[in-house]
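Asker: Input file: model_8.pdb. Contents: PDB, C-alpha atoms, pLDDT in the B column.
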ATOM      1  CA  GLN R 274      18.099  -0.797   7.520  1.00 93.00           C
ATOM      2  CA  VAL R 275      15.617  -1.220   4.705  1.00 95.00           C
ATOM      3  CA  GLN R 276      15.753   1.569   2.158  1.00 96.00           C
ATOM      4  CA  LEU R 277      13.708   2.099  -0.982  1.00 97.00           C
ATOM      5  CA  VAL R 278      14.380   5.101  -3.185  1.00 97.00           C
ATOM      6  CA  GLU R 279      12.142   5.893  -6.135  1.00 98.00           C
ATOM      7  CA  SER R 280      13.132   7.963  -9.139  1.00 97.00           C
ATOM      8  CA  GLY R 281      11.952   8.722 -12.638  1.00 97.00           C
ATOM      9  CA  GLY R 282       8.915  10.851 -11.936  1.00 96.00           C
ATOM     10  CA  GLY R 283       8.173  14.124 -13.630  1.00 96.00           C
ATOM     11  CA  VAL R 284       5.760  15.916 -15.933  1.00 97.00           C
ATOM     12  CA  VAL R 285       4.726  13.891 -18.979  1.00 97.00           C
ATOM     13  CA  GLN R 286       2.290  14.495 -21.803  1.00 97.00           C
ATOM     14  CA  THR R 287      -0.769  12.309 -22.169  1.00 97.00           C
ATOM     15  CA  GLY R 288      -0.159   9.341 -24.402  1.00 97.00           C
ATOM     16  CA  ARG R 289       3.542   9.144 -23.630  1.00 97.00           C
ATOM     17  CA  SER R 290       5.340   6.531 -21.532  1.00 97.00           C
ATOM     18  CA  LEU R 291       7.232   6.736 -18.278  1.00 96.00           C
ATOM     19  CA  ARG R 292       9.542   4.369 -16.446  1.00 98.00           C
ATOM     20  CA  LEU R 293       9.904   4.577 -12.693  1.00 98.00           C
ATOM     21  CA  SER R 294      12.763   2.998 -10.782  1.00 98.00           C
ATOM     22  CA  CYS R 295      13.172   1.947  -7.181  1.00 98.00           C
ATOM     23  CA  ALA R 296      16.604   1.226  -5.734  1.00 98.00           C
ATOM     24  CA  VAL R 297      16.516  -1.033  -2.706  1.00 97.00           C
ATOM     25  CA  SER R 298      18.984  -1.922   0.023  1.00 95.00           C
ATOM     26  CA  GLY R 299      19.071  -3.373   3.494  1.00 94.00           C
ATOM     27  CA  PHE R 300      17.287  -6.673   2.811  1.00 94.00           C
ATOM     28  CA  HIS R 301      17.520  -9.752   0.599  1.00 94.00           C
ATOM     29  CA  PHE R 302      15.680  -8.286  -2.374  1.00 94.00           C
ATOM     30  CA  TYR R 303      15.456 -11.625  -4.207  1.00 93.00           C
ATOM     31  CA  ASN R 304      13.287 -13.103  -1.442  1.00 94.00           C
ATOM     32  CA  TYR R 305      10.432 -10.644  -1.463  1.00 96.00           C
ATOM     33  CA  VAL R 306       7.386  -9.661  -3.441  1.00 97.00           C
ATOM     34  CA  MET R 307       7.654  -6.010  -4.473  1.00 98.00           C
ATOM     35  CA  HIS R 308       4.790  -3.602  -5.090  1.00 98.00           C
ATOM     36  CA  TRP R 309       3.986  -0.245  -6.619  1.00 98.00           C
ATOM     37  CA  VAL R 310       1.292   1.880  -4.978  1.00 98.00           C
ATOM     38  CA  ARG R 311       0.130   5.316  -6.064  1.00 97.00           C
ATOM     39  CA  GLN R 312      -1.782   8.111  -4.426  1.00 95.00           C
ATOM     40  CA  ALA R 313      -3.543  10.792  -6.411  1.00 93.00           C
ATOM     41  CA  PRO R 314      -4.028  14.252  -4.905  1.00 89.00           C
ATOM     42  CA  GLY R 315      -6.740  14.215  -2.277  1.00 87.00           C
ATOM     43  CA  LYS R 316      -7.392  10.495  -2.632  1.00 90.00           C
ATOM     44  CA  GLY R 317      -6.479   7.331  -0.823  1.00 90.00           C
ATOM     45  CA  PRO R 318      -3.719   5.034  -1.994  1.00 94.00           C
ATOM     46  CA  GLU R 319      -4.302   2.703  -4.937  1.00 96.00           C
ATOM     47  CA  TRP R 320      -2.379  -0.516  -5.397  1.00 97.00           C
ATOM     48  CA  VAL R 321      -0.888  -0.620  -8.902  1.00 98.00           C
ATOM     49  CA  ALA R 322       1.077  -3.824  -9.365  1.00 98.00           C
ATOM     50  CA  CYS R 323       3.331  -6.406  -7.773  1.00 98.00           C
ATOM     51  CA  ILE R 324       5.976  -8.841  -8.923  1.00 97.00           C
ATOM     52  CA  LEU R 325       6.840 -12.067  -7.168  1.00 96.00           C
ATOM     53  CA  SER R 326      10.334 -13.060  -6.137  1.00 94.00           C
ATOM     54  CA  ASP R 327      10.608 -15.309  -9.218  1.00 93.00           C
ATOM     55  CA  GLY R 328      10.863 -12.149 -11.303  1.00 92.00           C
ATOM     56  CA  ARG R 329       8.323 -13.430 -13.813  1.00 95.00           C
ATOM     57  CA  THR R 330       4.937 -13.533 -12.130  1.00 97.00           C
ATOM     58  CA  ALA R 331       3.234 -10.154 -11.956  1.00 97.00           C
ATOM     59  CA  TYR R 332      -0.225  -8.887 -11.115  1.00 97.00           C
ATOM     60  CA  TYR R 333      -1.831  -5.575 -11.999  1.00 97.00           C
ATOM     61  CA  ALA R 334      -4.720  -3.354 -11.007  1.00 96.00           C
ATOM     62  CA  ASP R 335      -7.482  -3.070 -13.591  1.00 95.00           C
ATOM     63  CA  SER R 336      -6.654   0.627 -14.010  1.00 95.00           C
ATOM     64  CA  VAL R 337      -3.223  -0.121 -15.493  1.00 97.00           C
ATOM     65  CA  ARG R 338      -3.498  -3.678 -16.793  1.00 96.00           C
ATOM     66  CA  GLY R 339      -2.376  -3.783 -20.401  1.00 96.00           C
ATOM     67  CA  ARG R 340      -0.558  -0.431 -20.118  1.00 97.00           C
ATOM     68  CA  ALA R 341       1.896  -1.149 -17.314  1.00 98.00           C
ATOM     69  CA  THR R 342       4.819  -3.499 -16.874  1.00 98.00           C
ATOM     70  CA  ILE R 343       6.461  -4.178 -13.554  1.00 98.00           C
ATOM     71  CA  SER R 344       9.912  -5.745 -13.560  1.00 97.00           C
ATOM     72  CA  ARG R 345      12.859  -6.311 -11.273  1.00 97.00           C
ATOM     73  CA  ASP R 346      16.617  -6.648 -11.646  1.00 95.00           C
ATOM     74  CA  THR R 347      17.892  -8.781  -8.821  1.00 93.00           C
ATOM     75  CA  PRO R 348      21.655  -8.175  -9.284  1.00 93.00           C
ATOM     76  CA  GLN R 349      21.017  -4.429  -9.460  1.00 94.00           C
ATOM     77  CA  LYS R 350      18.533  -4.576  -6.572  1.00 96.00           C
ATOM     78  CA  ALA R 351      16.093  -2.498  -8.544  1.00 97.00           C
ATOM     79  CA  LEU R 352      12.367  -2.480  -9.178  1.00 98.00           C
ATOM     80  CA  TYR R 353      10.776  -0.843 -12.193  1.00 98.00           C
ATOM     81  CA  LEU R 354       7.357   0.253 -13.379  1.00 98.00           C
ATOM     82  CA  GLU R 355       6.726   1.313 -16.934  1.00 98.00           C
ATOM     83  CA  ILE R 356       3.364   2.795 -17.850  1.00 97.00           C
ATOM     84  CA  GLU R 357       2.464   3.403 -21.471  1.00 97.00           C
ATOM     85  CA  THR R 358      -0.241   5.571 -22.973  1.00 97.00           C
ATOM     86  CA  LEU R 359      -0.321   7.771 -19.899  1.00 97.00           C
ATOM     87  CA  ARG R 360      -3.611   9.370 -18.906  1.00 97.00           C
ATOM     88  CA  VAL R 361      -4.366  12.413 -16.785  1.00 96.00           C
ATOM     89  CA  GLU R 362      -5.757  10.042 -14.158  1.00 96.00           C
ATOM     90  CA  ASP R 363      -2.306   8.446 -13.806  1.00 97.00           C
ATOM     91  CA  THR R 364      -1.199  11.637 -12.073  1.00 97.00           C
ATOM     92  CA  ALA R 365      -0.151  10.584  -8.584  1.00 97.00           C
ATOM     93  CA  PHE R 366       2.631  10.071  -6.131  1.00 96.00           C
ATOM     94  CA  TYR R 367       4.130   6.636  -6.846  1.00 98.00           C
ATOM     95  CA  TYR R 368       5.600   4.533  -4.051  1.00 98.00           C
ATOM     96  CA  CYS R 369       7.499   1.282  -4.219  1.00 98.00           C
ATOM     97  CA  ALA R 370       6.983  -1.029  -1.272  1.00 98.00           C
ATOM     98  CA  LYS R 371       8.407  -4.253   0.076  1.00 97.00           C
ATOM     99  CA  GLY R 372       5.852  -6.998   0.451  1.00 97.00           C
ATOM    100  CA  THR R 373       5.387  -9.699   3.043  1.00 94.00           C
ATOM    101  CA  PRO R 374       4.144 -13.274   2.571  1.00 91.00           C
ATOM    102  CA  GLY R 375       0.842 -12.111   4.042  1.00 92.00           C
ATOM    103  CA  TRP R 376       0.345  -9.413   1.415  1.00 96.00           C
ATOM    104  CA  SER R 377       1.245  -6.511   3.667  1.00 97.00           C
ATOM    105  CA  LEU R 378       3.574  -3.685   2.693  1.00 97.00           C
ATOM    106  CA  ASP R 379       6.097  -3.386   5.484  1.00 96.00           C
ATOM    107  CA  SER R 380       8.473  -0.810   4.048  1.00 96.00           C
ATOM    108  CA  TRP R 381       7.760   2.075   1.697  1.00 97.00           C
ATOM    109  CA  GLY R 382       9.904   4.475  -0.252  1.00 96.00           C
ATOM    110  CA  GLN R 383       9.463   8.224  -0.089  1.00 95.00           C
ATOM    111  CA  GLY R 384       7.746   8.229  -3.478  1.00 96.00           C
ATOM    112  CA  THR R 385       8.106  10.071  -6.764  1.00 97.00           C
ATOM    113  CA  GLN R 386       5.588  12.454  -8.300  1.00 97.00           C
ATOM    114  CA  VAL R 387       4.176  11.783 -11.745  1.00 98.00           C
ATOM    115  CA  THR R 388       2.117  14.499 -13.406  1.00 97.00           C
ATOM    116  CA  VAL R 389       0.398  13.780 -16.700  1.00 97.00           C
ATOM    117  CA  SER R 390      -0.884  16.770 -18.630  1.00 94.00           C
TER
ATOM    118  CA  GLN Y1028     -11.772  -3.944  -7.622  1.00 58.00           C
ATOM    119  CA  SER Y1029     -13.999  -1.676  -5.560  1.00 71.00           C
ATOM    120  CA  ALA Y1030     -12.283   0.116  -2.730  1.00 87.00           C
ATOM    121  CA  LEU Y1031     -12.936  -1.071   0.788  1.00 95.00           C
ATOM    122  CA  THR Y1032     -15.305   1.149   2.771  1.00 96.00           C
ATOM    123  CA  GLN Y1033     -14.033   3.066   5.771  1.00 97.00           C
ATOM    124  CA  PRO Y1034     -15.633   5.923   7.705  1.00 97.00           C
ATOM    125  CA  ALA Y1035     -14.213   9.250   6.609  1.00 96.00           C
ATOM    126  CA  SER Y1036     -13.384  10.326  10.126  1.00 97.00           C
ATOM    127  CA  VAL Y1037     -13.426   9.257  13.742  1.00 98.00           C
ATOM    128  CA  SER Y1038     -12.402  11.089  16.867  1.00 97.00           C
ATOM    129  CA  GLY Y1039     -11.649  10.340  20.471  1.00 97.00           C
ATOM    130  CA  SER Y1040     -10.164  11.929  23.525  1.00 97.00           C
ATOM    131  CA  VAL Y1041      -6.747  11.167  24.913  1.00 97.00           C
ATOM    132  CA  GLY Y1042      -6.919   7.898  26.823  1.00 97.00           C
ATOM    133  CA  GLN Y1043     -10.101   6.680  25.173  1.00 97.00           C
ATOM    134  CA  SER Y1044     -10.468   3.814  22.691  1.00 97.00           C
ATOM    135  CA  ILE Y1045     -11.702   4.057  19.122  1.00 98.00           C
ATOM    136  CA  THR Y1046     -12.507   1.509  16.469  1.00 98.00           C
ATOM    137  CA  ILE Y1047     -12.228   2.000  12.716  1.00 98.00           C
ATOM    138  CA  SER Y1048     -14.181  -0.341  10.477  1.00 98.00           C
ATOM    139  CA  CYS Y1049     -13.240  -1.570   7.022  1.00 98.00           C
ATOM    140  CA  SER Y1050     -16.015  -3.159   5.007  1.00 98.00           C
ATOM    141  CA  GLY Y1051     -15.398  -5.362   2.015  1.00 97.00           C
ATOM    142  CA  SER Y1052     -16.884  -8.418   0.403  1.00 96.00           C
ATOM    143  CA  TYR Y1053     -16.660 -12.159   0.057  1.00 96.00           C
ATOM    144  CA  TYR Y1054     -14.001 -11.573  -2.610  1.00 96.00           C
ATOM    145  CA  ASP Y1055     -11.541  -9.773  -0.364  1.00 96.00           C
ATOM    146  CA  ILE Y1056     -11.866  -9.439   3.424  1.00 97.00           C
ATOM    147  CA  GLY Y1057     -14.233 -12.388   3.639  1.00 96.00           C
ATOM    148  CA  ALA Y1058     -11.968 -14.659   1.611  1.00 95.00           C
ATOM    149  CA  TYR Y1059      -8.606 -14.417   3.346  1.00 95.00           C
ATOM    150  CA  GLU Y1060      -6.870 -13.552   6.588  1.00 96.00           C
ATOM    151  CA  TYR Y1061      -4.815 -10.962   4.698  1.00 97.00           C
ATOM    152  CA  VAL Y1062      -6.077  -7.678   6.077  1.00 98.00           C
ATOM    153  CA  SER Y1063      -3.547  -4.987   6.933  1.00 98.00           C
ATOM    154  CA  TRP Y1064      -3.758  -1.526   8.475  1.00 98.00           C
ATOM    155  CA  TYR Y1065      -1.487   1.453   7.857  1.00 98.00           C
ATOM    156  CA  GLN Y1066      -0.946   4.669   9.762  1.00 98.00           C
ATOM    157  CA  HIS Y1067      -0.150   7.677   7.599  1.00 96.00           C
ATOM    158  CA  HIS Y1068       0.997  10.981   8.992  1.00 95.00           C
ATOM    159  CA  PRO Y1069       0.849  13.616   6.213  1.00 89.00           C
ATOM    160  CA  GLY Y1070       4.248  14.185   4.692  1.00 87.00           C
ATOM    161  CA  LYS Y1071       5.561  10.879   5.972  1.00 92.00           C
ATOM    162  CA  VAL Y1072       5.642   7.359   4.601  1.00 91.00           C
ATOM    163  CA  PRO Y1073       2.758   5.033   5.537  1.00 93.00           C
ATOM    164  CA  LYS Y1074       3.571   2.709   8.417  1.00 96.00           C
ATOM    165  CA  LEU Y1075       2.275  -0.842   8.754  1.00 97.00           C
ATOM    166  CA  VAL Y1076       0.576  -1.261  12.126  1.00 98.00           C
ATOM    167  CA  ILE Y1077      -1.418  -4.480  11.667  1.00 98.00           C
ATOM    168  CA  SER Y1078      -0.886  -7.395   9.292  1.00 97.00           C
ATOM    169  CA  GLY Y1079      -2.687 -10.694   8.877  1.00 95.00           C
ATOM    170  CA  VAL Y1080      -5.854  -9.249  10.458  1.00 97.00           C
ATOM    171  CA  ARG Y1081      -4.448  -9.076  13.987  1.00 97.00           C
ATOM    172  CA  SER Y1082      -0.634  -9.316  14.051  1.00 97.00           C
ATOM    173  CA  ARG Y1083       1.458  -6.368  15.166  1.00 97.00           C
ATOM    174  CA  PRO Y1084       4.822  -5.846  13.471  1.00 95.00           C
ATOM    175  CA  SER Y1085       7.785  -5.430  15.733  1.00 94.00           C
ATOM    176  CA  GLY Y1086       7.870  -1.999  17.308  1.00 95.00           C
ATOM    177  CA  VAL Y1087       4.150  -1.258  16.999  1.00 97.00           C
ATOM    178  CA  SER Y1088       2.442  -0.385  20.260  1.00 96.00           C
ATOM    179  CA  ASP Y1089       0.164  -3.029  21.782  1.00 97.00           C
ATOM    180  CA  ARG Y1090      -2.483  -0.304  21.936  1.00 98.00           C
ATOM    181  CA  PHE Y1091      -3.194  -1.238  18.308  1.00 98.00           C
ATOM    182  CA  SER Y1092      -5.272  -4.339  17.691  1.00 98.00           C
ATOM    183  CA  GLY Y1093      -7.102  -5.807  14.730  1.00 98.00           C
ATOM    184  CA  SER Y1094      -9.993  -8.166  14.191  1.00 97.00           C
ATOM    185  CA  LYS Y1095     -12.302  -9.453  11.498  1.00 98.00           C
ATOM    186  CA  SER Y1096     -15.868 -10.689  11.328  1.00 97.00           C
ATOM    187  CA  GLY Y1097     -17.236 -11.856   8.024  1.00 96.00           C
ATOM    188  CA  ASN Y1098     -16.547  -9.238   5.389  1.00 97.00           C
ATOM    189  CA  THR Y1099     -15.629  -6.481   7.848  1.00 98.00           C
ATOM    190  CA  ALA Y1100     -12.315  -5.829   9.540  1.00 98.00           C
ATOM    191  CA  SER Y1101     -11.678  -3.472  12.418  1.00 98.00           C
ATOM    192  CA  LEU Y1102      -8.772  -1.582  13.904  1.00 98.00           C
ATOM    193  CA  THR Y1103      -8.985  -0.631  17.580  1.00 98.00           C
ATOM    194  CA  ILE Y1104      -6.666   1.860  19.195  1.00 98.00           C
ATOM    195  CA  SER Y1105      -6.827   1.923  22.958  1.00 97.00           C
ATOM    196  CA  GLY Y1106      -5.428   4.557  25.280  1.00 97.00           C
ATOM    197  CA  LEU Y1107      -5.432   7.191  22.518  1.00 98.00           C
ATOM    198  CA  GLN Y1108      -2.340   9.387  22.381  1.00 97.00           C
ATOM    199  CA  PRO Y1109      -1.876  12.667  20.504  1.00 97.00           C
ATOM    200  CA  GLU Y1110       0.651  10.999  18.180  1.00 97.00           C
ATOM    201  CA  ASP Y1111      -2.042   8.568  17.019  1.00 98.00           C
ATOM    202  CA  GLU Y1112      -3.678  11.391  15.072  1.00 98.00           C
ATOM    203  CA  ALA Y1113      -3.232  10.341  11.445  1.00 98.00           C
ATOM    204  CA  ILE Y1114      -5.041   8.811   8.490  1.00 97.00           C
ATOM    205  CA  TYR Y1115      -5.564   5.058   8.705  1.00 98.00           C
ATOM    206  CA  TYR Y1116      -5.956   2.809   5.674  1.00 98.00           C
ATOM    207  CA  CYS Y1117      -6.968  -0.828   5.490  1.00 98.00           C
ATOM    208  CA  THR Y1118      -6.005  -3.214   2.704  1.00 98.00           C
ATOM    209  CA  SER Y1119      -7.027  -6.702   1.768  1.00 97.00           C
ATOM    210  CA  PHE Y1120      -5.764  -9.323  -0.620  1.00 97.00           C
ATOM    211  CA  THR Y1121      -8.455 -10.294  -3.128  1.00 96.00           C
ATOM    212  CA  THR Y1122      -9.534 -13.378  -5.055  1.00 95.00           C
ATOM    213  CA  SER Y1123      -8.226 -11.636  -8.196  1.00 93.00           C
ATOM    214  CA  THR Y1124      -4.699 -11.708  -6.758  1.00 95.00           C
ATOM    215  CA  THR Y1125      -4.683  -7.972  -6.233  1.00 96.00           C
ATOM    216  CA  LEU Y1126      -4.603  -5.675  -3.241  1.00 97.00           C
ATOM    217  CA  VAL Y1127      -7.399  -3.266  -2.520  1.00 97.00           C
ATOM    218  CA  PHE Y1128      -7.197  -0.230  -0.250  1.00 97.00           C
ATOM    219  CA  GLY Y1129      -9.844   1.441   1.836  1.00 96.00           C
ATOM    220  CA  GLY Y1130     -10.553   5.110   1.289  1.00 94.00           C
ATOM    221  CA  GLY Y1131      -8.921   6.064   4.576  1.00 96.00           C
ATOM    222  CA  THR Y1132     -10.147   7.284   7.963  1.00 97.00           C
ATOM    223  CA  ARG Y1133      -8.884  10.493   9.513  1.00 97.00           C
ATOM    224  CA  LEU Y1134      -8.439  10.052  13.249  1.00 98.00           C
ATOM    225  CA  THR Y1135      -8.622  13.188  15.363  1.00 97.00           C
ATOM    226  CA  VAL Y1136      -7.422  13.015  18.947  1.00 97.00           C
ATOM    227  CA  LEU Y1137      -9.240  15.607  21.022  1.00 92.00           C
TER
END
Represent the supplied structure as structure tokens.

Answerer:
Amino acid sequence: QVQLVESGGGVVQTGRSLRLSCAVSGFHFYNYVMHWVRQAPGKGPEWVACILSDGRTAYYADSVRGRATISRDTPQKALYLEIETLRVEDTAFYYCAKGTPGWSLDSWGQGTQVTVS
Amino acid sequence: QSALTQPASVSGSVGQSITISCSGSYYDIGAYEYVSWYQHHPGKVPKLVISGVRSRPSGVSDRFSGSKSGNTASLTISGLQPEDEAIYYCTSFTTSTTLVFGGGTRLTVL
């Protein structure tokens, strides 16, 4: 079955960088758009970024555009998100999610906590 | 990228029907048929229950249905069950090639 496992979260100082990883299995990774979504404490989810199956085309939320880079490694079946110049407001639980052609997120990982202080 | 507007909470009794609204704009809900709904039980991973405005993924109960009129989408749950108690989020694709979430609606089953 589809599995997505995030890693790389932790406590980071403001201004530093962080790279999150998501290991996927159970589906043809190369065929699908992949997303990162985050949820801050007490708030609803916020879409962060996505990368198309071509591995080159990416889109970002205004809140991270210019500071974040989403990437994928098809042979390794891995998705990444690097955020630079971290801010306190980047504190959240970060999920990777498998996308559908209709811009839904049909499978989610368990998430990884990022705390910026 | 303003968040979509959902009511903070709705409630209904077992067996009743409820509808959750999701209000957006011409730049998101009004522009595409790419509205989705997610069910989120605290401590668990969000689950897709409606995609493409009204399509149910495999395995989702037919008690869940979706619709859209103009810039507003709706999720209806009929025959409420205790296990439906959760937070529900809507999303829409936007003309900026982004996804936007609603703030979430907490459903209480009485």

Asker: Please write the residues picked by the PyMOL selection byres ((chain Y and resi 1103-1107) around 9) on this file as a list of chain:residue names.

Answerer: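 That expression, the PyMOL selection byres ((chain Y and resi 1103-1107) around 9), corresponds here to Y:Gly1039, Y:Ser1040, Y:Val1041, Y:Gly1042, Y:Gln1043, Y:Ser1044, Y:Ile1045, Y:Thr1046, Y:Ile1047, Y:Ser1048, Y:Asp1089, Y:Arg1090, Y:Phe1091, Y:Ser1092, Y:Gly1093, Y:Ser1094, Y:Ser1101, Y:Leu1102, Y:Gln1108, Y:Pro1109, Y:Glu1110, Y:Asp1111, Y:Glu1112, Y:Val1136.
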
Asker: On this structure, the PyMOL selection byres ((chain R and resi 279-289) around 8) would catch which residues? List them as a count of residues only, sorted by chain and number.

Answerer: 25

Asker: Which residues of chain R sit at most 12 Å from chain Y, using only C-alpha atoms? Give each one's shortest atom pair and distance in Å (one decimal place), in chain and ascending residue order, as a Markdown table.

Answerer:
| residue | atom | partner | partner_atom | distance |
| --- | --- | --- | --- | --- |
| R:Gln276 | CA | Y:Val1072 | CA | 11.9 |
| R:Leu277 | CA | Y:Val1072 | CA | 11.1 |
| R:Val278 | CA | Y:Val1072 | CA | 11.9 |
| R:His308 | CA | Y:Leu1126 | CA | 9.8 |
| R:Trp309 | CA | Y:Leu1126 | CA | 10.7 |
| R:Val310 | CA | Y:Leu1126 | CA | 9.7 |
| R:Arg311 | CA | Y:Phe1128 | CA | 10.9 |
| R:Gln312 | CA | Y:Phe1128 | CA | 10.8 |
| R:Ala313 | CA | Y:Gly1130 | CA | 11.9 |
| R:Gly315 | CA | Y:Gly1130 | CA | 10.5 |
| R:Lys316 | CA | Y:Gly1130 | CA | 7.4 |
| R:Gly317 | CA | Y:Gly1130 | CA | 5.1 |
| R:Pro318 | CA | Y:Phe1128 | CA | 6.5 |
| R:Glu319 | CA | Y:Phe1128 | CA | 6.2 |
| R:Trp320 | CA | Y:Leu1126 | CA | 6.0 |
| R:Val321 | CA | Y:Leu1126 | CA | 8.4 |
| R:Ala322 | CA | Y:Thr1125 | CA | 7.8 |
| R:Cys323 | CA | Y:Thr1125 | CA | 8.3 |
| R:Ile324 | CA | Y:Thr1125 | CA | 11.0 |
| R:Leu325 | CA | Y:Thr1124 | CA | 11.6 |
| R:Thr330 | CA | Y:Thr1124 | CA | 11.2 |
| R:Ala331 | CA | Y:Thr1124 | CA | 9.6 |
| R:Tyr332 | CA | Y:Thr1125 | CA | 6.7 |
| R:Tyr333 | CA | Y:Thr1125 | CA | 6.9 |
| R:Ala334 | CA | Y:Thr1125 | CA | 6.6 |
| R:Asp335 | CA | Y:Gln1028 | CA | 7.4 |
| R:Ser336 | CA | Y:Gln1028 | CA | 9.4 |
| R:Arg338 | CA | Y:Thr1125 | CA | 11.5 |
| R:Phe366 | CA | Y:Val1072 | CA | 11.5 |
| R:Tyr367 | CA | Y:Val1072 | CA | 11.6 |
| R:Tyr368 | CA | Y:Val1072 | CA | 9.1 |
| R:Cys369 | CA | Y:Val1072 | CA | 10.9 |
| R:Ala370 | CA | Y:Pro1073 | CA | 10.0 |
| R:Lys371 | CA | Y:Leu1075 | CA | 11.2 |
| R:Gly372 | CA | Y:Leu1075 | CA | 10.9 |
| R:Thr373 | CA | Y:Ser1078 | CA | 9.1 |
| R:Pro374 | CA | Y:Tyr1061 | CA | 9.5 |
| R:Gly375 | CA | Y:Tyr1061 | CA | 5.8 |
| R:Trp376 | CA | Y:Tyr1061 | CA | 6.3 |
| R:Ser377 | CA | Y:Ser1063 | CA | 6.0 |
| R:Leu378 | CA | Y:Leu1075 | CA | 6.8 |
| R:Asp379 | CA | Y:Leu1075 | CA | 5.6 |
| R:Ser380 | CA | Y:Lys1074 | CA | 7.4 |
| R:Trp381 | CA | Y:Val1072 | CA | 6.4 |
| R:Gly382 | CA | Y:Val1072 | CA | 7.1 |
| R:Gln383 | CA | Y:Val1072 | CA | 6.1 |
| R:Gly384 | CA | Y:Val1072 | CA | 8.4 |
| R:Thr385 | CA | Y:Val1072 | CA | 11.9 |

Asker: Restricting the calculation to only C-alpha atoms, which member of R:Gln274, R:Val297, R:Pro314, R:Glu362 is positioned closest to Asp346 in chain R?

Answerer: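 Looking at the shortest contact to Asp346 in chain R, the residue is R:Val297.
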
Asker: In Å, with one decimal, what is the gap from CA of Pro1069 in chain Y to CA of Ser1038 in chain Y?

Answerer: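 Here the two named atoms are 17.2 Å from each other.
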
Asker: Box for range 1088-1107 of chain Y: with edges along x, y and z, all listed atoms inside and 8 Å added on each side, what are the centre and edge lengths in Å to one decimal, as JSON?

Answerer:
{"center_x": -7.4, "center_y": -2.3, "center_z": 15.3, "size_x": 35.7, "size_y": 35.0, "size_z": 35.9}

Asker: What is the distance between CA of Ala1035 in chain Y and CA of Cys1049 in chain Y, in Å to one decimal?

Answerer: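 Between CA of Ala1035 in chain Y and CA of Cys1049 in chain Y the gap works out to 10.9 Å.
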
Asker: To one decimal place in Å, what is the distance between CA of Ser1050 in chain Y and CA of Ser1029 in chain Y?

Answerer: 10.9 Å

Asker: Would you list the residues near (-16.0, -12.1, 7.8), meaning any protein, DNA or RNA residue with an atom at most 9 Å from that point in file coordinates, counting only C-alpha atoms, as a ChimeraX atom specification?

Answerer: /Y:1051-1053,1056-1059,1095-1100

Asker: Kindly provide, as number ranges by chain, the polymer residues lying within 9 Å of (3.2, -4.7, -18.5), counting only C-alpha atoms and using the coordinates exactly as they appear in the file.

Answerer: R: 331, 333, 337-344, 354-357
